[in-house]
file work19.pdb (PDB, C-alpha atoms)
MODEL        1
ATOM      1  CA  MET A   1     -91.714-105.402-138.699
ATOM      2  CA  CYS A   2     -90.172-102.189-137.446
ATOM      3  CA  HIS A   3     -88.488-102.331-134.051
ATOM      4  CA  SER A   4     -87.029 -99.243-132.384
ATOM      5  CA  PRO A   5     -83.429 -99.840-133.603
ATOM      6  CA  GLN A   6     -84.735 -99.929-137.170
ATOM      7  CA  ILE A   7     -86.341 -96.535-136.657
ATOM      8  CA  ASP A   8     -83.100 -95.186-135.180
ATOM      9  CA  TYR A   9     -80.967 -96.516-138.054
ATOM     10  CA  ALA A  10     -83.335 -95.032-140.658
ATOM     11  CA  ARG A  11     -83.346 -91.560-139.122
ATOM     12  CA  ILE A  12     -81.883 -88.840-141.347
ATOM     13  CA  GLY A  13     -83.301 -85.830-139.513
ATOM     14  CA  LYS A  14     -85.317 -84.902-136.451
ATOM     15  CA  ASP A  15     -88.580 -86.193-137.900
ATOM     16  CA  SER A  16     -87.420 -87.690-141.201
ATOM     17  CA  PHE A  17     -86.436 -91.228-142.100
ATOM     18  CA  ASP A  18     -85.233 -93.247-145.069
ATOM     19  CA  PHE A  19     -85.920 -96.989-145.112
ATOM     20  CA  LYS A  20     -85.285 -97.468-148.841
ATOM     21  CA  PRO A  21     -81.668 -98.693-148.458
ATOM     22  CA  VAL A  22     -82.965-101.629-146.405
ATOM     23  CA  PHE A  23     -84.390-103.162-149.583
ATOM     24  CA  ARG A  24     -81.629-102.372-152.079
ATOM     25  CA  TYR A  25     -80.472-105.978-152.501
ATOM     26  CA  VAL A  26     -83.987-107.450-152.923
ATOM     27  CA  LYS A  27     -85.790-104.669-154.796
ATOM     28  CA  ASN A  28     -85.057-106.283-158.169
ATOM     29  CA  LEU A  29     -86.615-109.545-156.979
ATOM     30  CA  ILE A  30     -89.828-107.923-155.749
ATOM     31  CA  GLU A  31     -90.559-105.301-158.362
ATOM     32  CA  LYS A  32     -90.442-107.735-161.294
ATOM     33  CA  ALA A  33     -93.468-109.634-159.967
ATOM     34  CA  ASP A  34     -96.896-108.963-161.477
ATOM     35  CA  LEU A  35     -98.170-108.743-157.892
ATOM     36  CA  ALA A  36     -96.124-108.515-154.706
ATOM     37  CA  PHE A  37     -97.682-109.018-151.256
ATOM     38  CA  GLY A  38     -96.210-108.385-147.818
ATOM     39  CA  ASN A  39     -97.301-108.501-144.169
ATOM     40  CA  LEU A  40     -97.152-105.053-142.525
ATOM     41  CA  GLU A  41     -96.789-105.921-138.848
ATOM     42  CA  THR A  42     -96.985-102.393-137.540
ATOM     43  CA  VAL A  43     -99.190 -99.350-137.919
ATOM     44  CA  THR A  44     -98.502 -95.818-139.118
ATOM     45  CA  ALA A  45    -100.576 -93.804-136.668
ATOM     46  CA  GLY A  46     -98.566 -90.620-137.225
ATOM     47  CA  ILE A  47     -95.596 -88.979-135.587
ATOM     48  CA  SER A  48     -97.866 -87.165-133.109
ATOM     49  CA  GLU A  49     -98.601 -90.571-131.533
ATOM     50  CA  LYS A  50     -94.884 -91.182-130.792
ATOM     51  CA  LEU A  51     -92.882 -93.612-132.880
ATOM     52  CA  THR A  52     -92.265 -96.910-131.119
ATOM     53  CA  GLY A  53     -91.307-100.514-131.667
ATOM     54  CA  TYR A  54     -92.276-103.504-129.552
ATOM     55  CA  PRO A  55     -94.669-104.020-127.823
ATOM     56  CA  LEU A  56     -96.943-101.329-129.295
ATOM     57  CA  PHE A  57     -95.704-100.547-132.774
ATOM     58  CA  ASN A  58     -96.029 -97.216-134.563
ATOM     59  CA  SER A  59     -93.707 -96.686-137.522
ATOM     60  CA  PRO A  60     -92.790 -93.651-139.630
ATOM     61  CA  ASP A  61     -94.800 -93.096-142.799
ATOM     62  CA  GLN A  62     -91.524 -93.328-144.722
ATOM     63  CA  LEU A  63     -91.520 -97.089-144.124
ATOM     64  CA  LEU A  64     -94.446 -97.246-146.546
ATOM     65  CA  ASP A  65     -92.513 -95.114-149.056
ATOM     66  CA  ALA A  66     -89.755 -97.715-148.919
ATOM     67  CA  LEU A  67     -92.171-100.629-149.395
ATOM     68  CA  LYS A  68     -93.628 -98.934-152.461
ATOM     69  CA  TYR A  69     -90.084 -98.282-153.730
ATOM     70  CA  ALA A  70     -89.216-101.944-153.190
ATOM     71  CA  GLY A  71     -92.091-103.026-155.415
ATOM     72  CA  PHE A  72     -94.922-104.063-153.103
ATOM     73  CA  ASP A  73     -98.489-103.780-154.412
ATOM     74  CA  PHE A  74    -100.572-105.143-151.506
ATOM     75  CA  LEU A  75     -99.922-105.059-147.768
ATOM     76  CA  TYR A  76    -101.672-107.370-145.319
ATOM     77  CA  THR A  77    -102.750-105.150-142.426
ATOM     78  CA  VAL A  78    -104.330-107.864-140.306
ATOM     79  CA  ASN A  79    -102.173-109.286-137.517
ATOM     80  CA  ASN A  80    -101.793-109.240-133.742
ATOM     81  CA  HIS A  81    -100.369-105.693-133.881
ATOM     82  CA  SER A  82    -103.133-104.168-136.042
ATOM     83  CA  LEU A  83    -104.761-102.523-133.028
ATOM     84  CA  ASP A  84    -101.572-101.306-131.334
ATOM     85  CA  ARG A  85    -102.743 -97.692-131.655
ATOM     86  CA  GLY A  86    -106.464 -98.297-131.534
ATOM     87  CA  THR A  87    -108.960 -97.728-134.305
ATOM     88  CA  ARG A  88    -107.301 -94.448-135.269
ATOM     89  CA  GLY A  89    -104.146 -96.376-136.078
ATOM     90  CA  VAL A  90    -106.102 -98.797-138.249
ATOM     91  CA  VAL A  91    -107.729 -95.991-140.215
ATOM     92  CA  ARG A  92    -104.624 -93.865-140.674
ATOM     93  CA  THR A  93    -102.514 -96.857-141.746
ATOM     94  CA  ILE A  94    -105.001 -97.653-144.516
ATOM     95  CA  GLU A  95    -105.067 -93.996-145.576
ATOM     96  CA  GLN A  96    -101.278 -93.840-145.751
ATOM     97  CA  ILE A  97    -100.981 -97.084-147.711
ATOM     98  CA  GLU A  98    -103.423 -95.757-150.291
ATOM     99  CA  GLU A  99    -101.679 -92.386-150.392
ATOM    100  CA  LYS A 100     -98.409 -94.163-151.257
ATOM    101  CA  GLY A 101    -100.080 -95.987-154.167
ATOM    102  CA  MET A 102    -100.554 -99.429-152.608
ATOM    103  CA  LYS A 103    -103.590-101.362-151.364
ATOM    104  CA  ASN A 104    -104.295-103.162-148.111
ATOM    105  CA  ILE A 105    -106.046-106.428-147.275
ATOM    106  CA  GLY A 106    -107.563-107.609-143.992
ATOM    107  CA  SER A 107    -108.547-104.385-142.239
ATOM    108  CA  SER A 108    -111.136-101.787-143.210
ATOM    109  CA  ASN A 109    -111.983 -98.188-142.416
ATOM    110  CA  SER A 110    -115.698 -98.586-143.189
ATOM    111  CA  GLU A 111    -118.321-101.298-142.864
ATOM    112  CA  SER A 112    -119.199-101.128-146.551
ATOM    113  CA  ARG A 113    -115.554-101.641-147.479
ATOM    114  CA  SER A 114    -115.318-104.627-145.147
ATOM    115  CA  ASP A 115    -118.296-106.256-146.879
ATOM    116  CA  SER A 116    -116.946-105.674-150.391
ATOM    117  CA  LEU A 117    -114.494-108.476-151.159
ATOM    118  CA  ILE A 118    -111.380-107.890-153.264
ATOM    119  CA  ILE A 119    -111.156-109.391-156.751
ATOM    120  CA  ILE A 120    -108.467-108.245-159.152
ATOM    121  CA  ASP A 121    -107.981-109.182-162.782
ATOM    122  CA  MET A 122    -104.331-109.969-163.420
ATOM    123  CA  LYS A 123    -103.636-110.772-167.061
ATOM    124  CA  GLY A 124    -107.032-112.409-167.453
ATOM    125  CA  ILE A 125    -106.962-114.364-164.185
ATOM    126  CA  LYS A 126    -109.487-113.195-161.580
ATOM    127  CA  LEU A 127    -107.867-113.408-158.143
ATOM    128  CA  GLY A 128    -109.922-113.247-154.942
ATOM    129  CA  LEU A 129    -107.976-111.992-151.915
ATOM    130  CA  LEU A 130    -108.742-112.620-148.232
ATOM    131  CA  ALA A 131    -106.839-112.162-144.958
ATOM    132  CA  TYR A 132    -107.433-112.941-141.283
ATOM    133  CA  THR A 133    -105.599-112.940-137.933
ATOM    134  CA  TYR A 134    -105.844-115.242-134.918
ATOM    135  CA  GLY A 135    -106.103-112.304-132.496
ATOM    136  CA  LEU A 136    -105.078-108.796-131.424
ATOM    137  CA  ASN A 137    -102.780-109.277-128.415
ATOM    138  CA  GLY A 138    -105.676-109.073-126.002
ATOM    139  CA  ASN A 139    -107.001-105.831-127.479
ATOM    140  CA  TYR A 140    -110.629-105.663-128.543
ATOM    141  CA  LEU A 141    -112.584-103.628-131.030
ATOM    142  CA  PRO A 142    -115.769-101.892-129.913
ATOM    143  CA  LYS A 143    -118.794-103.839-131.133
ATOM    144  CA  SER A 144    -119.679-100.971-133.453
ATOM    145  CA  LYS A 145    -116.202-101.265-135.022
ATOM    146  CA  SER A 146    -115.923-105.067-135.247
ATOM    147  CA  PHE A 147    -115.831-104.830-139.048
ATOM    148  CA  MET A 148    -112.397-103.156-138.978
ATOM    149  CA  ILE A 149    -110.197-106.258-138.573
ATOM    150  CA  ASN A 150    -110.828-109.759-139.925
ATOM    151  CA  LEU A 151    -110.457-112.436-137.260
ATOM    152  CA  ILE A 152    -110.112-116.132-138.076
ATOM    153  CA  ASP A 153    -113.658-117.494-138.031
ATOM    154  CA  THR A 154    -114.252-120.614-140.112
ATOM    155  CA  VAL A 155    -117.926-119.780-140.674
ATOM    156  CA  ARG A 156    -116.994-116.387-142.065
ATOM    157  CA  ILE A 157    -114.110-117.777-144.121
ATOM    158  CA  ASP A 158    -116.439-120.331-145.730
ATOM    159  CA  SER A 159    -118.937-117.582-146.527
ATOM    160  CA  ASP A 160    -116.300-115.175-147.870
ATOM    161  CA  ILE A 161    -114.831-117.784-150.226
ATOM    162  CA  SER A 162    -118.309-118.694-151.499
ATOM    163  CA  ARG A 163    -119.082-115.034-152.118
ATOM    164  CA  LEU A 164    -115.811-114.607-154.013
ATOM    165  CA  ARG A 165    -116.619-117.595-156.214
ATOM    166  CA  ASP A 166    -120.098-116.213-156.861
ATOM    167  CA  LYS A 167    -118.518-112.915-157.924
ATOM    168  CA  GLY A 168    -116.290-114.696-160.449
ATOM    169  CA  ALA A 169    -113.017-115.319-158.601
ATOM    170  CA  GLU A 170    -111.097-118.096-160.374
ATOM    171  CA  LEU A 171    -108.336-118.379-157.800
ATOM    172  CA  VAL A 172    -108.684-117.589-154.082
ATOM    173  CA  ILE A 173    -105.605-116.553-152.102
ATOM    174  CA  VAL A 174    -105.933-116.482-148.307
ATOM    175  CA  TYR A 175    -103.468-114.961-145.853
ATOM    176  CA  PHE A 176    -103.465-116.135-142.236
ATOM    177  CA  HIS A 177    -101.622-114.569-139.325
ATOM    178  CA  PHE A 178    -101.419-117.604-137.068
ATOM    179  CA  GLY A 179     -99.231-120.209-135.388
ATOM    180  CA  ASP A 180     -96.911-120.508-132.403
ATOM    181  CA  GLU A 181     -94.099-117.976-132.194
ATOM    182  CA  TYR A 182     -90.612-119.384-132.901
ATOM    183  CA  SER A 183     -91.917-122.875-133.693
ATOM    184  CA  ARG A 184     -90.530-124.251-136.957
ATOM    185  CA  LYS A 185     -93.406-126.692-137.313
ATOM    186  CA  PRO A 186     -97.051-125.734-137.924
ATOM    187  CA  SER A 187     -99.316-126.037-134.909
ATOM    188  CA  GLY A 188    -102.411-128.204-134.849
ATOM    189  CA  PHE A 189    -104.500-125.042-135.187
ATOM    190  CA  GLN A 190    -102.613-124.031-138.334
ATOM    191  CA  VAL A 191    -102.934-127.462-139.922
ATOM    192  CA  GLU A 192    -106.643-127.733-139.128
ATOM    193  CA  THR A 193    -107.407-124.182-140.279
ATOM    194  CA  VAL A 194    -105.572-124.780-143.567
ATOM    195  CA  LYS A 195    -107.375-128.083-144.112
ATOM    196  CA  LYS A 196    -110.784-126.482-143.590
ATOM    197  CA  THR A 197    -109.951-123.462-145.732
ATOM    198  CA  PHE A 198    -108.972-125.698-148.646
ATOM    199  CA  GLN A 199    -112.231-127.604-148.186
ATOM    200  CA  TYR A 200    -114.101-124.300-148.404
ATOM    201  CA  GLY A 201    -112.481-123.639-151.785
ATOM    202  CA  ALA A 202    -109.269-121.683-151.195
ATOM    203  CA  ASP A 203    -106.409-122.339-153.629
ATOM    204  CA  ILE A 204    -103.339-120.698-152.067
ATOM    205  CA  ILE A 205    -102.717-120.039-148.369
ATOM    206  CA  ILE A 206     -99.847-117.911-147.070
ATOM    207  CA  GLY A 207     -99.053-117.565-143.384
ATOM    208  CA  SER A 208     -96.936-115.615-140.941
ATOM    209  CA  HIS A 209     -96.626-114.872-137.201
ATOM    210  CA  PRO A 210     -94.161-117.548-135.940
ATOM    211  CA  HIS A 211     -91.189-115.268-136.859
ATOM    212  CA  VAL A 212     -89.412-118.307-138.301
ATOM    213  CA  LEU A 213     -89.819-120.281-141.486
ATOM    214  CA  GLN A 214     -92.193-123.219-141.634
ATOM    215  CA  ARG A 215     -92.776-125.744-144.380
ATOM    216  CA  THR A 216     -94.553-125.311-147.692
ATOM    217  CA  GLU A 217     -96.549-128.058-149.398
ATOM    218  CA  PHE A 218     -99.156-128.957-151.991
ATOM    219  CA  LEU A 219    -102.350-130.500-150.594
ATOM    220  CA  THR A 220    -105.263-132.154-152.374
ATOM    221  CA  LYS A 221    -108.393-130.015-152.205
ATOM    222  CA  GLY A 222    -112.026-130.707-152.886
ATOM    223  CA  ASN A 223    -113.155-127.923-155.194
ATOM    224  CA  GLY A 224    -112.090-125.009-157.368
ATOM    225  CA  LYS A 225    -110.038-125.089-160.554
ATOM    226  CA  LEU A 226    -106.847-126.188-158.837
ATOM    227  CA  LYS A 227    -106.588-129.901-158.069
ATOM    228  CA  ASN A 228    -103.928-129.268-155.436
ATOM    229  CA  GLY A 229    -103.781-126.266-153.148
ATOM    230  CA  PHE A 230    -100.507-124.675-152.043
ATOM    231  CA  VAL A 231     -99.703-123.555-148.498
ATOM    232  CA  ALA A 232     -96.726-121.749-146.957
ATOM    233  CA  TYR A 233     -97.371-121.948-143.215
ATOM    234  CA  SER A 234     -94.892-119.199-142.306
ATOM    235  CA  LEU A 235     -92.463-117.127-144.365
ATOM    236  CA  GLY A 236     -90.385-116.090-141.348
ATOM    237  CA  ASN A 237     -89.073-112.584-140.706
ATOM    238  CA  PHE A 238     -88.438-110.514-143.820
ATOM    239  CA  ILE A 239     -87.145-107.587-141.781
ATOM    240  CA  SER A 240     -86.995-107.127-138.007
ATOM    241  CA  ASN A 241     -84.520-106.635-135.159
ATOM    242  CA  GLN A 242     -84.797-110.234-134.013
ATOM    243  CA  ARG A 243     -81.171-111.272-134.311
ATOM    244  CA  TRP A 244     -81.097-114.910-133.244
ATOM    245  CA  ARG A 245     -80.864-117.956-135.510
ATOM    246  CA  TYR A 246     -84.024-118.711-137.526
ATOM    247  CA  SER A 247     -85.660-115.370-136.621
ATOM    248  CA  ASP A 248     -83.074-113.311-138.518
ATOM    249  CA  ALA A 249     -84.223-114.968-141.761
ATOM    250  CA  GLY A 250     -87.203-115.305-144.072
ATOM    251  CA  ALA A 251     -88.032-116.047-147.678
ATOM    252  CA  ILE A 252     -89.427-114.412-150.791
ATOM    253  CA  LEU A 253     -91.989-116.864-152.128
ATOM    254  CA  LYS A 254     -92.453-116.891-155.900
ATOM    255  CA  LEU A 255     -95.579-118.464-157.378
ATOM    256  CA  GLU A 256     -96.025-118.727-161.132
ATOM    257  CA  ILE A 257     -99.690-119.129-162.012
ATOM    258  CA  CYS A 258    -100.766-120.125-165.516
ATOM    259  CA  LYS A 259    -104.111-120.238-167.320
ATOM    260  CA  ASN A 260    -105.219-122.032-170.481
ATOM    261  CA  PHE A 261    -107.911-119.705-171.794
ATOM    262  CA  GLN A 262    -109.250-122.225-174.320
ATOM    263  CA  ARG A 263    -109.753-124.965-171.732
ATOM    264  CA  ASP A 264    -110.469-122.535-168.883
ATOM    265  CA  SER A 265    -107.955-124.294-166.645
ATOM    266  CA  ILE A 266    -105.558-122.796-164.075
ATOM    267  CA  TRP A 267    -102.523-124.287-162.395
ATOM    268  CA  ILE A 268     -99.474-123.350-160.338
ATOM    269  CA  ASN A 269     -96.643-123.850-162.791
ATOM    270  CA  ASN A 270     -93.835-123.238-160.328
ATOM    271  CA  ALA A 271     -93.362-122.545-156.617
ATOM    272  CA  THR A 272     -89.921-121.453-155.477
ATOM    273  CA  ALA A 273     -88.503-119.553-152.530
ATOM    274  CA  ILE A 274     -85.520-117.238-152.271
ATOM    275  CA  PRO A 275     -84.194-117.405-148.685
ATOM    276  CA  THR A 276     -83.297-114.038-147.159
ATOM    277  CA  TRP A 277     -81.241-112.893-144.196
ATOM    278  CA  VAL A 278     -81.089-109.593-142.303
ATOM    279  CA  TYR A 279     -77.755-107.834-141.848
ATOM    280  CA  LYS A 280     -77.402-105.300-139.040
ATOM    281  CA  GLY A 281     -74.254-103.204-138.699
ATOM    282  CA  PHE A 282     -71.903-100.704-140.265
ATOM    283  CA  THR A 283     -71.872-100.684-144.070
ATOM    284  CA  GLY A 284     -69.077 -98.217-144.643
ATOM    285  CA  ILE A 285     -71.693 -95.476-144.832
ATOM    286  CA  LYS A 286     -73.574 -95.776-141.544
ATOM    287  CA  ASN A 287     -75.215 -98.379-139.324
ATOM    288  CA  GLU A 288     -77.931-100.051-141.360
ATOM    289  CA  PHE A 289     -80.392-102.907-141.567
ATOM    290  CA  ILE A 290     -80.245-104.650-144.953
ATOM    291  CA  ILE A 291     -82.205-107.596-146.344
ATOM    292  CA  VAL A 292     -80.036-109.824-148.550
ATOM    293  CA  PRO A 293     -80.651-113.047-150.476
ATOM    294  CA  SER A 294     -78.751-115.751-148.607
ATOM    295  CA  ASP A 295     -78.029-117.725-151.785
ATOM    296  CA  THR A 296     -74.439-116.807-152.617
ATOM    297  CA  SER A 297     -74.740-118.336-156.080
ATOM    298  CA  PHE A 298     -76.390-115.142-157.355
ATOM    299  CA  PHE A 299     -75.606-112.660-154.589
ATOM    300  CA  LYS A 300     -72.149-111.163-154.147
ATOM    301  CA  VAL A 301     -71.435-110.868-150.443
ATOM    302  CA  PRO A 302     -70.621-107.233-149.545
ATOM    303  CA  GLU A 303     -67.121-106.459-148.293
ATOM    304  CA  PHE A 304     -68.485-105.028-145.056
ATOM    305  CA  PHE A 305     -69.786-108.457-143.973
ATOM    306  CA  SER A 306     -67.614-109.932-141.244
ATOM    307  CA  SER A 307     -66.716-113.621-141.280
ATOM    308  CA  SER A 308     -69.347-114.093-138.572
ATOM    309  CA  ASP A 309     -71.973-112.382-140.732
ATOM    310  CA  LYS A 310     -71.129-114.648-143.661
ATOM    311  CA  MET A 311     -71.389-117.752-141.523
ATOM    312  CA  LYS A 312     -74.780-116.711-140.118
ATOM    313  CA  MET A 313     -76.105-115.891-143.570
ATOM    314  CA  ILE A 314     -74.944-119.220-145.028
ATOM    315  CA  GLN A 315     -76.349-121.078-142.022
ATOM    316  CA  SER A 316     -79.709-119.402-142.592
ATOM    317  CA  TYR A 317     -79.650-120.539-146.233
ATOM    318  CA  TYR A 318     -79.180-124.178-145.268
ATOM    319  CA  ASP A 319     -81.784-123.813-142.512
ATOM    320  CA  ALA A 320     -84.281-122.560-145.100
ATOM    321  CA  GLY A 321     -83.563-125.525-147.359
ATOM    322  CA  GLU A 322     -84.180-127.917-144.493
ATOM    323  CA  ILE A 323     -87.472-126.302-143.512
ATOM    324  CA  LEU A 324     -89.294-124.923-146.530
ATOM    325  CA  PHE A 325     -89.774-127.924-148.772
ATOM    326  CA  ARG A 326     -89.640-130.792-146.304
ATOM    327  CA  LYS A 327     -92.476-132.211-144.243
TER     328      LYS A 327
ENDMDL
END
call {"tool": "encode", "arguments": {"input": "work19.pdb", "output": "structure tokens"}}
result
Amino acid sequence: MCHSPQIDYARIGKDSFDFKPVFRYVKNLIEKADLAFGNLETVTAGISEKLTGYPLFNSPDQLLDALKYAGFDFLYTVNNHSLDRGTRGVVRTIEQIEEKGMKNIGSSNSESRSDSLIIIDMKGIKLGLLAYTYGLNGNYLPKSKSFMINLIDTVRIDSDISRLRDKGAELVIVYFHFGDEYSRKPSGFQVETVKKTFQYGADIIIGSHPHVLQRTEFLTKGNGKLKNGFVAYSLGNFISNQRWRYSDAGAILKLEICKNFQRDSIWINNATAIPTWVYKGFTGIKNEFIIVPSDTSFFKVPEFFSSSDKMKMIQSYYDAGEILFRK
């Protein structure tokens, strides 16, 4: 996310910004992945539209430069803020993501693109990618533009997964923007949607929207090459200006997927999470937002952290341990 204070802290000129320092402590964790995905919960409608944070987001294009620098390959552009600047914001955000050398999932700038599902071949494993949101904050697309943003519709999800399988997808990854804000437990809607989506043939489900971490788990599924599907109901806040406990933290989820080409079998070899915490304050250079791993076993705490900062970061680490891998 990109709230107004984040825009202010990244400003380096009248109309210029630098968000790259935000990611300096996690860049090495993201860029080493074969594929890195993130939820872009804002739009980049252009500076002529006025840059704003909550409740109607519009972020500088340089935020996308920083996400590319940090190592992201795909950005989910389907969430309750996708229509904050209307259809023009949807279109321009997609254009800017592509211009920066990344790809988007979940929103489209043409009907033909919306109908063409994404399958990528990563080291011989064909991955099918889907994404949907629960809603658009009360905003609505014109009927002629309904293709632009994927809404959660179980009939469509079932159809999309079937089409991906027919096109050769071996593993289907679904992103959902859903759940109750600030609730650390999945809602009934989340649980039911995940259950149905696994029944339809999804293999991995990743969620966000609650702004706090929620549990991860393996669940038995009915079809596909994976015997057990994996779900992360919510990965919290990776970066935002929400400063209170639980919402100032998130996690980098790492999934290691393996394939036996002789037996044509696929499995998740390892699922781990690196808890993260957001620092906001003076760094000795200027006021900054910085994402840091909260595990002090492999992260040296910067000298500019106050004792209060250290305590909040450590608390967030233990909070993550309590939430992520426990039912």
call {"tool": "residues_around", "arguments": {"input": "work19.pdb", "residues": "Tyr233 of chain A", "least_positions_apart": "5", "cutoff": "8 Å", "atoms": "only C-alpha atoms", "output": "short mmCIF file (atom, residue, chain, number, x, y, z; two decimals) with C-alpha atoms, in the frame of the given file"}}
result
data_model
loop_
_atom_site.label_atom_id
_atom_site.label_comp_id
_atom_site.auth_asym_id
_atom_site.auth_seq_id
_atom_site.Cartn_x
_atom_site.Cartn_y
_atom_site.Cartn_z
CA PRO A 186 -97.05 -125.73 -137.92
CA GLN A 190 -102.61 -124.03 -138.33
CA ILE A 205 -102.72 -120.04 -148.37
CA ILE A 206 -99.85 -117.91 -147.07
CA GLY A 207 -99.05 -117.56 -143.38
CA SER A 208 -96.94 -115.62 -140.94
CA LEU A 213 -89.82 -120.28 -141.49
CA GLN A 214 -92.19 -123.22 -141.63
CA ARG A 215 -92.78 -125.74 -144.38
CA THR A 216 -94.55 -125.31 -147.69
#
call {"tool": "atom_distance", "arguments": {"input": "work19.pdb", "atom1": "atom CA of Thr154 of chain A", "atom2": "atom CA of Lys196 of chain A"}}
result
7.7 Å
call {"tool": "atom_distance", "arguments": {"input": "work19.pdb", "atom1": "atom CA of Val22 of chain A", "atom2": "atom CA of Ile290 of chain A"}}
result
4.3 Å
call {"tool": "closest_atom_pairs", "arguments": {"input": "work19.pdb", "of": "segment 184-267 of chain A", "to": "segment 125-135 of chain A", "cutoff": "12 Å", "atoms": "all atoms listed in the file", "output": "Markdown table"}}
result
| residue | atom | partner | partner_atom | distance |
| --- | --- | --- | --- | --- |
| A:Phe189 | CA | A:Tyr134 | CA | 9.9 |
| A:Gln190 | CA | A:Tyr134 | CA | 10.0 |
| A:Thr193 | CA | A:Tyr134 | CA | 10.5 |
| A:Thr197 | CA | A:Leu130 | CA | 11.2 |
| A:Gly201 | CA | A:Gly128 | CA | 11.2 |
| A:Ala202 | CA | A:Gly128 | CA | 9.3 |
| A:Asp203 | CA | A:Gly128 | CA | 9.8 |
| A:Ile204 | CA | A:Leu129 | CA | 9.9 |
| A:Ile205 | CA | A:Ala131 | CA | 9.5 |
| A:Ile206 | CA | A:Ala131 | CA | 9.3 |
| A:Gly207 | CA | A:Ala131 | CA | 9.6 |
| A:Ser208 | CA | A:Thr133 | CA | 9.6 |
| A:His209 | CA | A:Thr133 | CA | 9.2 |
| A:Pro210 | CA | A:Tyr134 | CA | 12.0 |
| A:Lys225 | CA | A:Ile125 | CA | 11.7 |
| A:Ile257 | CA | A:Ile125 | CA | 9.0 |
| A:Cys258 | CA | A:Ile125 | CA | 8.6 |
| A:Lys259 | CA | A:Ile125 | CA | 7.2 |
| A:Asn260 | CA | A:Ile125 | CA | 10.1 |
| A:Phe261 | CA | A:Ile125 | CA | 9.3 |
| A:Asp264 | CA | A:Ile125 | CA | 10.1 |
| A:Ser265 | CA | A:Ile125 | CA | 10.3 |
| A:Ile266 | CA | A:Ile125 | CA | 8.5 |
| A:Trp267 | CA | A:Ile125 | CA | 11.0 |
call {"tool": "residues_around", "arguments": {"input": "work19.pdb", "residues": "segment 313-322 of chain A", "least_positions_apart": "3", "cutoff": "8 Å", "atoms": "only C-alpha atoms", "output": "list in words"}}
result
Leu213, Arg245, Tyr246, Ala249, Gly250, Ala251, Pro275, Thr276, Trp277, Ser294, Asp295, Thr296, Asp309, Lys310, Phe325 and Arg326 of chain A
call {"tool": "closest_residue", "arguments": {"input": "work19.pdb", "among": "A:Arg11, A:Lys20, A:Lys143, A:His3", "to": "Leu67 of chain A", "atoms": "all atoms listed in the file"}}
result
A:Lys20
call {"tool": "closest_residue", "arguments": {"input": "work19.pdb", "among": "A:Phe218, A:Phe289, A:Tyr76, A:Phe198", "to": "Val231 of chain A", "atoms": "only C-alpha atoms"}}
result
A:Phe218
call {"tool": "residues_around", "arguments": {"input": "work19.pdb", "residues": "Asn58 of chain A", "least_positions_apart": "6", "cutoff": "6 Å", "atoms": "all atoms listed in the file", "output": "mmCIF file with C-alpha atoms, in the frame of the given file"}}
result
data_model
loop_
_atom_site.group_PDB
_atom_site.id
_atom_site.type_symbol
_atom_site.label_atom_id
_atom_site.label_comp_id
_atom_site.auth_asym_id
_atom_site.auth_seq_id
_atom_site.Cartn_x
_atom_site.Cartn_y
_atom_site.Cartn_z
ATOM 1 C CA VAL A 43 -99.190 -99.350 -137.919
ATOM 2 C CA THR A 44 -98.502 -95.818 -139.118
ATOM 3 C CA LEU A 51 -92.882 -93.612 -132.880
ATOM 4 C CA THR A 52 -92.265 -96.910 -131.119
#
call {"tool": "atom_distance", "arguments": {"input": "work19.pdb", "atom1": "atom CA of Tyr182 of chain A", "atom2": "atom CA of Gly281 of chain A"}}
result
23.7 Å
call {"tool": "residues_near_point", "arguments": {"input": "work19.pdb", "point": "(-75.7, -100.3, -134.3)", "cutoff": "12 Å", "atoms": "only C-alpha atoms", "output": "ChimeraX atom specification"}}
result
/A:4-10,241,279-283,286-289
call {"tool": "write_last_selection", "arguments": {"input": "work19.pdb", "atoms": "C-alpha atoms", "output": "CSV table (one decimal), in the frame of the given file"}}
result
chain,number,residue,atom,x,y,z
A,4,SER,CA,-87.0,-99.2,-132.4
A,5,PRO,CA,-83.4,-99.8,-133.6
A,6,GLN,CA,-84.7,-99.9,-137.2
A,7,ILE,CA,-86.3,-96.5,-136.7
A,8,ASP,CA,-83.1,-95.2,-135.2
A,9,TYR,CA,-81.0,-96.5,-138.1
A,10,ALA,CA,-83.3,-95.0,-140.7
A,241,ASN,CA,-84.5,-106.6,-135.2
A,279,TYR,CA,-77.8,-107.8,-141.8
A,280,LYS,CA,-77.4,-105.3,-139.0
A,281,GLY,CA,-74.3,-103.2,-138.7
A,282,PHE,CA,-71.9,-100.7,-140.3
A,283,THR,CA,-71.9,-100.7,-144.1
A,286,LYS,CA,-73.6,-95.8,-141.5
A,287,ASN,CA,-75.2,-98.4,-139.3
A,288,GLU,CA,-77.9,-100.1,-141.4
A,289,PHE,CA,-80.4,-102.9,-141.6
call {"tool": "resolve_selection", "arguments": {"input": "work19.pdb", "expression": "the PyMOL selection byres ((chain A and resi 15) around 12)", "output": "count of residues only"}}
result
19
call {"tool": "residues_around", "arguments": {"input": "work19.pdb", "residues": "Ala45 of chain A", "least_positions_apart": "4", "cutoff": "8 Å", "atoms": "all atoms listed in the file", "output": "PyMOL selection string"}}
result
chain A and resi 49+58-59+85+88-90+92-93
call {"tool": "resolve_selection", "arguments": {"input": "work19.pdb", "expression": "the PyMOL selection byres ((chain A and resi 140) around 12)", "output": "ChimeraX atom specification"}}
result
/A:80-87,135-139,141-149,151
call {"tool": "resolve_selection", "arguments": {"input": "work19.pdb", "expression": "the PyMOL selection byres ((chain A and resi 110) around 10)", "output": "JSON, numbers by chain"}}
result
{"A": [91, 107, 108, 109, 111, 112, 113, 114, 115, 145, 147, 148]}
